[in-house]
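Visitor: Questions regarding the structure given below will be posed in turn.
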Amino acid sequence: LANIQKLAGSLDASGAQASETEAIALIQRRFRERRFPYLLVFDNVQGETEKLVADLCGALSENVRVLITARSVQNGLTANAIELENLDLDDAAELLVRLATTPSNKPDAKSARDLARTLGCLPLALRNAGGVCKIRSFATYLKSLDERSRRSRSKDPVYITLSEALNSVERKIAESSGNAGHVRDVVGLLSYCAAERIPESLLDTCFPHSTDDTTEVLQALFEFGLIKAGNFEGGGDEKWYSIHRLNQRFIRDDVDEQGRGGEIIALLMPNLCKLLLIKDAKIEELDVKGADERRAFNTYFPHFLAALPHLDAPEFRGAEDGAPLDEVAKLVMLKLREDAKAGLNLAERGESWGALPALLGCFYEVDPFDHVLD
């Protein structure tokens, strides 16, 4: 529902506060009013989201096409099904060997087939396993995986291989006398951001006293194949990191089960807002010299939107009924008011800036512009 509301909010500011039925009707109406072609992509649809997607797609206009990825055929949808088979065993084993091969490690092809068969030839499970098998034989890994599977809360091969990979990252850092406990802090934060292009400056802002530890964790995650890395265009040495959405979801589920979701959101959201409101961010200290508001918006706002649906978690609100959320709202609203006083047009920031009051307003009983700001 949060993603449907996000889509509705991008088309009309009122959509972010709409109920399920209202949001779906608004999306359908707005697309009918527009002439341009659109492609909507719904990734990994399952469970309760099936009905939402079916209701939305049931009355879309001719200018909209929809792509849905799912592990099973979706009920209630009239669509052309394209079934993608898993990798065959030979290809899966070849992928494992390729991922695990290093100058000092020449893995065994027969053991690779045994491991690929156990993992159901699922590409992400193979990728999660391949990084660990750079330093462990397939046979040793398979034995460890069997033990972990017996005590795991989920039997999904992707979840089990992810758990084993994170455990290996912690071991590697502990062996080098690093801060192994910081691994869970970093991956927890990554799991609440948008999956693509998470800026290093965001991590450094959230963990200002542990930047060396954060760098070590990110390097280990990269070496084990759990994240990708690159540099922002025109951003000097500013790095970004990406993590697979399904791995991200499993990490977030574990974080929520441990009751740490509120703690991470309380750390993430205020710092995201500070980075969006450049004046408060001390950007120069983060080696993002020359950044302007547009660049900050493009860099950080996708992660703001990804974290936004999690603000309503009871443990995040705490005993003071929304105090952390109030701080987030204050940062954004004060900046918007400053711009209004300066005569700036909110539309100059793009539609998403204009939708911010509505997005934040869905957590208040009143219009956030009327909310008292100290």
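Residues are named by chain letter and number: chains run A, B, ... in the order of the structure tokens, numbers start at 1 in each chain, and ligands are numbered from 1 in the order shown.
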Give me the residues within 7 Å of Arg113 in chain A as a list in words, counting only C-alpha atoms and dropping any in the same chain fewer than 4 places off.

Guide: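 Once the nearby chain positions are removed, what remains is Leu89, Ala93, Ala109 and Arg117 of chain A.
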
Visitor: Which residues are close to Gly130 in chain A, i.e. within 8 Å by only C-alpha atoms, leaving aside same-chain residues fewer than 6 positions away? Reply as a list in words.

Guide: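 Near neighbours after the sequence-gap exclusion: Leu96, Val97, Leu99, Ala100, Phe224 and Gly225 of chain A.
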
Visitor: When you look at Val64 in chain A with a cut-off of 10 Å (counting only C-alpha atoms), what residues show up, excluding the ones that are within fewer than 4 positions of it in the same chain? I need them as a list in words.

Guide: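 The filter keeps Gln28, Phe31, Arg32, Arg34, Arg35, Phe36, Pro37, Tyr38, Leu39, Leu40, Cys57 and Leu60 of chain A.
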
Visitor: For Asn179 in chain A, which residue out of A:Ser154, A:Thr215, A:Thr161, A:Ser191 is the nearest one, using only C-alpha atoms?

Guide: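 Distance minimum relative to Asn179 in chain A lands on A:Thr215.
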
Visitor: Could you pull the residues within 12 Å of Asp114 in chain A, counting only C-alpha atoms, minus those fewer than 5 positions along the same chain, as a PyMOL selection string?

Guide: chain A and resi 89-90+92-94+96-97+108-109+119-121+126+137-143

Visitor: Just want the 12 Å neighbourhood of Pro199 in chain A, counted on only C-alpha atoms, with same-chain residues fewer than 3 positions away dropped. Output as an mmCIF file with all heavy atoms, in the first residue's frame.

Guide:
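Ended up saving to selection07.cif:
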data_model
loop_
_atom_site.group_PDB
_atom_site.id
_atom_site.type_symbol
_atom_site.label_atom_id
_atom_site.label_comp_id
_atom_site.auth_asym_id
_atom_site.auth_seq_id
_atom_site.Cartn_x
_atom_site.Cartn_y
_atom_site.Cartn_z
ATOM 1 N N LEU A 189 21.183 -0.199 7.988
ATOM 2 C CA LEU A 189 20.929 1.105 7.370
ATOM 3 C C LEU A 189 20.701 0.960 5.868
ATOM 4 O O LEU A 189 19.781 1.556 5.300
ATOM 5 C CB LEU A 189 22.104 2.048 7.636
ATOM 6 C CG LEU A 189 21.831 3.527 7.390
ATOM 7 C CD1 LEU A 189 21.036 4.119 8.549
ATOM 8 C CD2 LEU A 189 23.129 4.300 7.222
ATOM 9 N N LEU A 190 21.523 0.141 5.206
ATOM 10 C CA LEU A 190 21.375 -0.077 3.770
ATOM 11 C C LEU A 190 20.002 -0.659 3.432
ATOM 12 O O LEU A 190 19.443 -0.378 2.374
ATOM 13 C CB LEU A 190 22.462 -1.026 3.255
ATOM 14 C CG LEU A 190 23.912 -0.539 3.288
ATOM 15 C CD1 LEU A 190 24.851 -1.650 2.835
ATOM 16 C CD2 LEU A 190 24.095 0.691 2.413
ATOM 17 N N CYS A 193 17.216 2.014 2.875
ATOM 18 C CA CYS A 193 17.399 2.977 1.795
ATOM 19 C C CYS A 193 16.834 2.404 0.495
ATOM 20 O O CYS A 193 16.436 1.244 0.427
ATOM 21 C CB CYS A 193 18.892 3.268 1.606
ATOM 22 S SG CYS A 193 19.677 4.089 3.007
ATOM 23 N N ALA A 194 16.783 3.238 -0.545
ATOM 24 C CA ALA A 194 16.529 2.699 -1.874
ATOM 25 C C ALA A 194 17.687 1.755 -2.205
ATOM 26 O O ALA A 194 18.804 1.943 -1.732
ATOM 27 C CB ALA A 194 16.445 3.830 -2.889
ATOM 28 N N ALA A 195 17.419 0.725 -3.001
ATOM 29 C CA ALA A 195 18.438 -0.305 -3.218
ATOM 30 C C ALA A 195 19.613 0.185 -4.064
ATOM 31 O O ALA A 195 20.729 -0.330 -3.937
ATOM 32 C CB ALA A 195 17.797 -1.530 -3.880
ATOM 33 N N GLU A 196 19.375 1.179 -4.910
ATOM 34 C CA GLU A 196 20.405 1.617 -5.853
ATOM 35 C C GLU A 196 21.071 2.923 -5.413
ATOM 36 O O GLU A 196 20.428 3.807 -4.871
ATOM 37 C CB GLU A 196 19.782 1.841 -7.245
ATOM 38 C CG GLU A 196 19.068 0.623 -7.818
ATOM 39 C CD GLU A 196 20.016 -0.500 -8.187
ATOM 40 O OE1 GLU A 196 21.189 -0.201 -8.501
ATOM 41 O OE2 GLU A 196 19.604 -1.666 -8.159
ATOM 42 N N LEU A 202 26.054 9.557 3.015
ATOM 43 C CA LEU A 202 24.936 9.280 3.911
ATOM 44 C C LEU A 202 25.378 8.369 5.052
ATOM 45 O O LEU A 202 25.055 8.610 6.215
ATOM 46 C CB LEU A 202 23.785 8.635 3.131
ATOM 47 C CG LEU A 202 22.591 8.126 3.971
ATOM 48 C CD1 LEU A 202 21.980 9.256 4.797
ATOM 49 C CD2 LEU A 202 21.535 7.493 3.067
ATOM 50 N N LEU A 203 26.153 7.338 4.718
ATOM 51 C CA LEU A 203 26.662 6.427 5.748
ATOM 52 C C LEU A 203 27.608 7.152 6.691
ATOM 53 O O LEU A 203 27.563 6.962 7.912
ATOM 54 C CB LEU A 203 27.362 5.243 5.083
ATOM 55 C CG LEU A 203 26.446 4.316 4.286
ATOM 56 C CD1 LEU A 203 27.246 3.495 3.291
ATOM 57 C CD2 LEU A 203 25.666 3.405 5.204
ATOM 58 N N ASP A 204 28.484 8.007 6.132
ATOM 59 C CA ASP A 204 29.423 8.749 6.977
ATOM 60 C C ASP A 204 28.699 9.732 7.899
ATOM 61 O O ASP A 204 29.133 9.979 9.024
ATOM 62 C CB ASP A 204 30.425 9.510 6.108
ATOM 63 C CG ASP A 204 31.444 8.591 5.459
ATOM 64 O OD1 ASP A 204 31.564 7.435 5.913
ATOM 65 O OD2 ASP A 204 32.114 9.013 4.497
ATOM 66 N N THR A 205 27.602 10.297 7.411
ATOM 67 C CA THR A 205 26.826 11.232 8.235
ATOM 68 C C THR A 205 26.128 10.491 9.373
ATOM 69 O O THR A 205 26.044 10.998 10.494
ATOM 70 C CB THR A 205 25.772 11.957 7.366
ATOM 71 O OG1 THR A 205 26.435 12.608 6.286
ATOM 72 C CG2 THR A 205 25.022 13.004 8.174
ATOM 73 N N CYS A 206 25.642 9.282 9.083
ATOM 74 C CA CYS A 206 24.946 8.497 10.116
ATOM 75 C C CYS A 206 25.918 7.900 11.130
ATOM 76 O O CYS A 206 25.567 7.699 12.291
ATOM 77 C CB CYS A 206 24.130 7.383 9.463
ATOM 78 S SG CYS A 206 22.696 7.970 8.534
ATOM 79 N N LEU A 218 32.106 -1.908 4.336
ATOM 80 C CA LEU A 218 31.683 -1.794 2.936
ATOM 81 C C LEU A 218 32.641 -2.540 2.011
ATOM 82 O O LEU A 218 32.210 -3.209 1.061
ATOM 83 C CB LEU A 218 31.598 -0.324 2.526
ATOM 84 C CG LEU A 218 30.466 0.484 3.180
ATOM 85 C CD1 LEU A 218 30.659 1.978 2.907
ATOM 86 C CD2 LEU A 218 29.100 0.024 2.680
ATOM 87 N N LYS A 228 27.347 -3.730 -4.728
ATOM 88 C CA LYS A 228 28.104 -3.190 -5.853
ATOM 89 C C LYS A 228 28.526 -1.771 -5.498
ATOM 90 O O LYS A 228 27.940 -1.145 -4.605
ATOM 91 C CB LYS A 228 27.258 -3.195 -7.124
ATOM 92 C CG LYS A 228 26.873 -4.586 -7.604
ATOM 93 C CD LYS A 228 26.035 -4.510 -8.872
ATOM 94 C CE LYS A 228 25.661 -5.905 -9.351
ATOM 95 N NZ LYS A 228 24.824 -5.856 -10.584
ATOM 96 N N ALA A 229 29.512 -1.247 -6.194
ATOM 97 C CA ALA A 229 30.008 0.097 -5.891
ATOM 98 C C ALA A 229 30.338 0.842 -7.172
ATOM 99 O O ALA A 229 30.608 0.240 -8.216
ATOM 100 C CB ALA A 229 31.248 0.019 -4.990
ATOM 101 N N GLY A 230 30.289 2.162 -7.085
ATOM 102 C CA GLY A 230 30.648 3.007 -8.217
ATOM 103 C C GLY A 230 30.816 4.439 -7.749
ATOM 104 O O GLY A 230 30.661 4.737 -6.559
ATOM 105 N N ASN A 231 31.104 5.349 -8.672
ATOM 106 C CA ASN A 231 31.268 6.767 -8.354
ATOM 107 C C ASN A 231 30.171 7.582 -9.031
ATOM 108 O O ASN A 231 29.796 7.307 -10.176
ATOM 109 C CB ASN A 231 32.626 7.285 -8.834
ATOM 110 C CG ASN A 231 33.755 6.855 -7.917
ATOM 111 O OD1 ASN A 231 33.578 5.993 -7.080
ATOM 112 N ND2 ASN A 231 34.920 7.442 -8.099
ATOM 113 N N PHE A 232 29.645 8.576 -8.307
ATOM 114 C CA PHE A 232 28.658 9.477 -8.895
ATOM 115 C C PHE A 232 29.299 10.288 -10.021
ATOM 116 O O PHE A 232 30.457 10.699 -9.917
ATOM 117 C CB PHE A 232 28.108 10.441 -7.840
ATOM 118 C CG PHE A 232 27.101 9.819 -6.917
ATOM 119 C CD1 PHE A 232 27.460 9.436 -5.634
ATOM 120 C CD2 PHE A 232 25.793 9.611 -7.335
ATOM 121 C CE1 PHE A 232 26.535 8.856 -4.781
ATOM 122 C CE2 PHE A 232 24.862 9.042 -6.496
ATOM 123 C CZ PHE A 232 25.230 8.662 -5.213
ATOM 124 N N GLY A 235 30.859 13.880 -9.367
ATOM 125 C CA GLY A 235 30.888 14.048 -7.920
ATOM 126 C C GLY A 235 32.245 13.822 -7.306
ATOM 127 O O GLY A 235 32.352 13.500 -6.128
ATOM 128 N N ASP A 237 35.213 12.078 -5.913
ATOM 129 C CA ASP A 237 35.431 10.722 -5.403
ATOM 130 C C ASP A 237 34.229 10.185 -4.638
ATOM 131 O O ASP A 237 34.332 9.173 -3.956
ATOM 132 C CB ASP A 237 36.658 10.708 -4.469
ATOM 133 C CG ASP A 237 37.939 11.025 -5.223
ATOM 134 O OD1 ASP A 237 37.989 10.693 -6.427
ATOM 135 O OD2 ASP A 237 38.860 11.602 -4.625
ATOM 136 N N GLU A 238 33.085 10.867 -4.734
ATOM 137 C CA GLU A 238 31.896 10.429 -4.004
ATOM 138 C C GLU A 238 31.424 9.071 -4.519
ATOM 139 O O GLU A 238 31.105 8.901 -5.689
ATOM 140 C CB GLU A 238 30.778 11.463 -4.155
ATOM 141 C CG GLU A 238 29.412 11.011 -3.663
ATOM 142 C CD GLU A 238 29.283 10.986 -2.138
ATOM 143 O OE1 GLU A 238 30.292 11.290 -1.461
ATOM 144 O OE2 GLU A 238 28.201 10.692 -1.635
ATOM 145 N N LYS A 239 31.386 8.083 -3.624
ATOM 146 C CA LYS A 239 31.025 6.717 -3.998
ATOM 147 C C LYS A 239 29.554 6.441 -3.709
ATOM 148 O O LYS A 239 28.947 7.057 -2.854
ATOM 149 C CB LYS A 239 31.891 5.710 -3.231
ATOM 150 C CG LYS A 239 33.327 5.654 -3.672
ATOM 151 C CD LYS A 239 34.068 4.554 -2.921
ATOM 152 C CE LYS A 239 35.520 4.457 -3.386
ATOM 153 N NZ LYS A 239 36.257 3.409 -2.632
ATOM 154 N N TRP A 240 29.018 5.467 -4.449
ATOM 155 C CA TRP A 240 27.694 4.947 -4.128
ATOM 156 C C TRP A 240 27.778 3.427 -4.028
ATOM 157 O O TRP A 240 28.711 2.801 -4.547
ATOM 158 C CB TRP A 240 26.651 5.357 -5.171
ATOM 159 C CG TRP A 240 26.951 5.002 -6.612
ATOM 160 C CD1 TRP A 240 27.369 5.857 -7.578
ATOM 161 C CD2 TRP A 240 26.853 3.710 -7.236
ATOM 162 N NE1 TRP A 240 27.537 5.189 -8.776
ATOM 163 C CE2 TRP A 240 27.217 3.865 -8.600
ATOM 164 C CE3 TRP A 240 26.497 2.437 -6.806
ATOM 165 C CZ2 TRP A 240 27.245 2.797 -9.498
ATOM 166 C CZ3 TRP A 240 26.512 1.375 -7.702
ATOM 167 C CH2 TRP A 240 26.874 1.559 -9.030
ATOM 168 N N TYR A 241 26.790 2.854 -3.334
ATOM 169 C CA TYR A 241 26.711 1.408 -3.161
ATOM 170 C C TYR A 241 25.290 0.946 -3.462
ATOM 171 O O TYR A 241 24.326 1.650 -3.168
ATOM 172 C CB TYR A 241 27.095 1.006 -1.734
ATOM 173 C CG TYR A 241 28.502 1.423 -1.372
ATOM 174 C CD1 TYR A 241 28.748 2.638 -0.730
ATOM 175 C CD2 TYR A 241 29.583 0.613 -1.690
ATOM 176 C CE1 TYR A 241 30.038 3.038 -0.425
ATOM 177 C CE2 TYR A 241 30.882 1.012 -1.390
ATOM 178 C CZ TYR A 241 31.107 2.212 -0.758
ATOM 179 O OH TYR A 241 32.379 2.605 -0.468
ATOM 180 N N SER A 242 25.158 -0.223 -4.059
ATOM 181 C CA SER A 242 23.857 -0.803 -4.356
ATOM 182 C C SER A 242 23.788 -2.203 -3.758
ATOM 183 O O SER A 242 24.794 -2.906 -3.677
ATOM 184 C CB SER A 242 23.618 -0.879 -5.870
ATOM 185 O OG SER A 242 23.567 0.415 -6.438
ATOM 186 N N LEU A 272 19.156 12.150 6.655
ATOM 187 C CA LEU A 272 18.763 12.353 5.265
ATOM 188 C C LEU A 272 18.263 13.779 5.052
ATOM 189 O O LEU A 272 18.589 14.430 4.060
ATOM 190 C CB LEU A 272 17.674 11.355 4.870
ATOM 191 C CG LEU A 272 18.138 10.022 4.286
ATOM 192 C CD1 LEU A 272 16.964 9.056 4.157
ATOM 193 C CD2 LEU A 272 18.816 10.218 2.937
ATOM 194 N N LEU A 275 21.027 16.313 4.973
ATOM 195 C CA LEU A 275 21.744 16.300 3.706
ATOM 196 C C LEU A 275 20.913 16.931 2.590
ATOM 197 O O LEU A 275 21.460 17.523 1.659
ATOM 198 C CB LEU A 275 22.123 14.861 3.334
ATOM 199 C CG LEU A 275 23.254 14.274 4.188
ATOM 200 C CD1 LEU A 275 23.310 12.759 4.047
ATOM 201 C CD2 LEU A 275 24.598 14.889 3.813
ATOM 202 N N LEU A 286 32.185 16.368 4.067
ATOM 203 C CA LEU A 286 31.946 15.047 3.504
ATOM 204 C C LEU A 286 32.568 14.903 2.122
ATOM 205 O O LEU A 286 32.262 13.982 1.383
ATOM 206 C CB LEU A 286 30.434 14.787 3.418
ATOM 207 C CG LEU A 286 29.690 14.893 4.748
ATOM 208 C CD1 LEU A 286 28.195 14.772 4.521
ATOM 209 C CD2 LEU A 286 30.163 13.813 5.707
ATOM 210 N N ASP A 287 33.446 15.827 1.756
ATOM 211 C CA ASP A 287 34.134 15.775 0.468
ATOM 212 C C ASP A 287 33.173 15.788 -0.716
ATOM 213 O O ASP A 287 33.359 15.080 -1.688
ATOM 214 C CB ASP A 287 35.036 14.531 0.392
ATOM 215 C CG ASP A 287 36.146 14.575 1.428
ATOM 216 O OD1 ASP A 287 36.704 15.661 1.654
ATOM 217 O OD2 ASP A 287 36.423 13.527 2.018
ATOM 218 N N VAL A 288 32.091 16.533 -0.598
ATOM 219 C CA VAL A 288 31.170 16.690 -1.726
ATOM 220 C C VAL A 288 31.192 18.160 -2.121
ATOM 221 O O VAL A 288 30.179 18.814 -2.227
ATOM 222 C CB VAL A 288 29.738 16.246 -1.346
ATOM 223 C CG1 VAL A 288 28.893 16.069 -2.605
ATOM 224 C CG2 VAL A 288 29.765 14.939 -0.581
ATOM 225 N N ARG A 295 21.649 18.719 -7.022
ATOM 226 C CA ARG A 295 22.425 17.492 -6.899
ATOM 227 C C ARG A 295 22.119 16.782 -5.585
ATOM 228 O O ARG A 295 21.998 15.558 -5.530
ATOM 229 C CB ARG A 295 23.922 17.798 -6.996
ATOM 230 C CG ARG A 295 24.773 16.542 -6.932
ATOM 231 C CD ARG A 295 26.236 16.829 -7.245
ATOM 232 N NE ARG A 295 26.995 15.620 -7.022
ATOM 233 C CZ ARG A 295 27.447 15.245 -5.834
ATOM 234 N NH1 ARG A 295 27.232 15.994 -4.783
ATOM 235 N NH2 ARG A 295 28.125 14.137 -5.691
ATOM 236 N N ALA A 296 21.987 17.561 -4.513
ATOM 237 C CA ALA A 296 21.647 16.956 -3.227
ATOM 238 C C ALA A 296 20.284 16.279 -3.300
ATOM 239 O O ALA A 296 20.089 15.174 -2.786
ATOM 240 C CB ALA A 296 21.645 18.028 -2.128
ATOM 241 N N ASN A 298 18.778 15.032 -6.004
ATOM 242 C CA ASN A 298 18.864 13.808 -6.807
ATOM 243 C C ASN A 298 19.598 12.691 -6.079
ATOM 244 O O ASN A 298 19.308 11.510 -6.277
ATOM 245 C CB ASN A 298 19.575 14.098 -8.135
ATOM 246 C CG ASN A 298 18.760 14.988 -9.047
ATOM 247 O OD1 ASN A 298 17.546 15.040 -8.927
ATOM 248 N ND2 ASN A 298 19.430 15.691 -9.945
ATOM 249 N N THR A 299 20.553 13.059 -5.220
ATOM 250 C CA THR A 299 21.367 12.066 -4.527
ATOM 251 C C THR A 299 20.631 11.430 -3.349
ATOM 252 O O THR A 299 20.672 10.212 -3.164
ATOM 253 C CB THR A 299 22.675 12.711 -4.010
ATOM 254 O OG1 THR A 299 23.396 13.242 -5.120
ATOM 255 C CG2 THR A 299 23.543 11.692 -3.283
ATOM 256 N N TYR A 300 19.941 12.245 -2.568
ATOM 257 C CA TYR A 300 19.400 11.755 -1.289
ATOM 258 C C TYR A 300 17.898 11.511 -1.269
ATOM 259 O O TYR A 300 17.408 10.714 -0.472
ATOM 260 C CB TYR A 300 19.762 12.740 -0.164
ATOM 261 C CG TYR A 300 21.239 12.978 -0.031
ATOM 262 C CD1 TYR A 300 21.808 14.211 -0.358
ATOM 263 C CD2 TYR A 300 22.087 11.956 0.394
ATOM 264 C CE1 TYR A 300 23.170 14.424 -0.254
ATOM 265 C CE2 TYR A 300 23.454 12.161 0.489
ATOM 266 C CZ TYR A 300 23.990 13.398 0.163
ATOM 267 O OH TYR A 300 25.338 13.590 0.260
ATOM 268 N N PHE A 301 17.146 12.201 -2.149
ATOM 269 C CA PHE A 301 15.693 12.118 -2.035
ATOM 270 C C PHE A 301 15.140 10.716 -2.308
ATOM 271 O O PHE A 301 14.165 10.301 -1.665
ATOM 272 C CB PHE A 301 15.020 13.141 -2.955
ATOM 273 C CG PHE A 301 13.583 13.397 -2.573
ATOM 274 C CD1 PHE A 301 13.269 14.024 -1.382
ATOM 275 C CD2 PHE A 301 12.551 12.989 -3.396
ATOM 276 C CE1 PHE A 301 11.947 14.256 -1.022
ATOM 277 C CE2 PHE A 301 11.232 13.223 -3.046
ATOM 278 C CZ PHE A 301 10.926 13.858 -1.855
ATOM 279 N N PRO A 302 15.699 9.910 -3.243
ATOM 280 C CA PRO A 302 15.188 8.546 -3.413
ATOM 281 C C PRO A 302 15.242 7.722 -2.125
ATOM 282 O O PRO A 302 14.367 6.899 -1.863
ATOM 283 C CB PRO A 302 16.110 7.951 -4.489
ATOM 284 C CG PRO A 302 16.597 9.132 -5.253
ATOM 285 C CD PRO A 302 16.751 10.229 -4.230
ATOM 286 N N HIS A 303 16.256 7.976 -1.298
ATOM 287 C CA HIS A 303 16.400 7.219 -0.052
ATOM 288 C C HIS A 303 15.431 7.747 1.010
ATOM 289 O O HIS A 303 14.940 6.984 1.856
ATOM 290 C CB HIS A 303 17.853 7.282 0.414
ATOM 291 C CG HIS A 303 18.792 6.888 -0.682
ATOM 292 N ND1 HIS A 303 18.877 5.591 -1.148
ATOM 293 C CD2 HIS A 303 19.644 7.624 -1.456
ATOM 294 C CE1 HIS A 303 19.746 5.534 -2.145
ATOM 295 N NE2 HIS A 303 20.218 6.760 -2.342
#

Visitor: Between A:Asn128, A:Ser210, A:Gln46, A:Ser111, single out the one closest to Val169 in chain A, counting only C-alpha atoms.

Guide: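 When distances to Val169 in chain A are compared using only C-alpha atoms, the smallest one comes from A:Asn128.
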
Visitor: Write out as a list in words which residues come within 12 Å of Leu11 in chain A when counting only C-alpha atoms, dropping same-chain ones fewer than 4 positions away.

Guide: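 Counting only the stated atoms, we get Ile4, Gln5, Lys6, Leu7, Gly15, Ala16, Ala23, Ile24, Ala25, Leu26, Ile27, Gln28, Arg29, Arg30, Phe31, Arg32, Glu33, Arg34, Glu351, Ser352, Gly354 and Ala355 of chain A.
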
Visitor: Which polymer residues have any atom within 12 Å of an atom of Val255 in chain A, counting only C-alpha atoms, with same-chain residues fewer than 6 positions away left out, as a ChimeraX atom specification?

Guide: /A:184-192,248-249,261-265
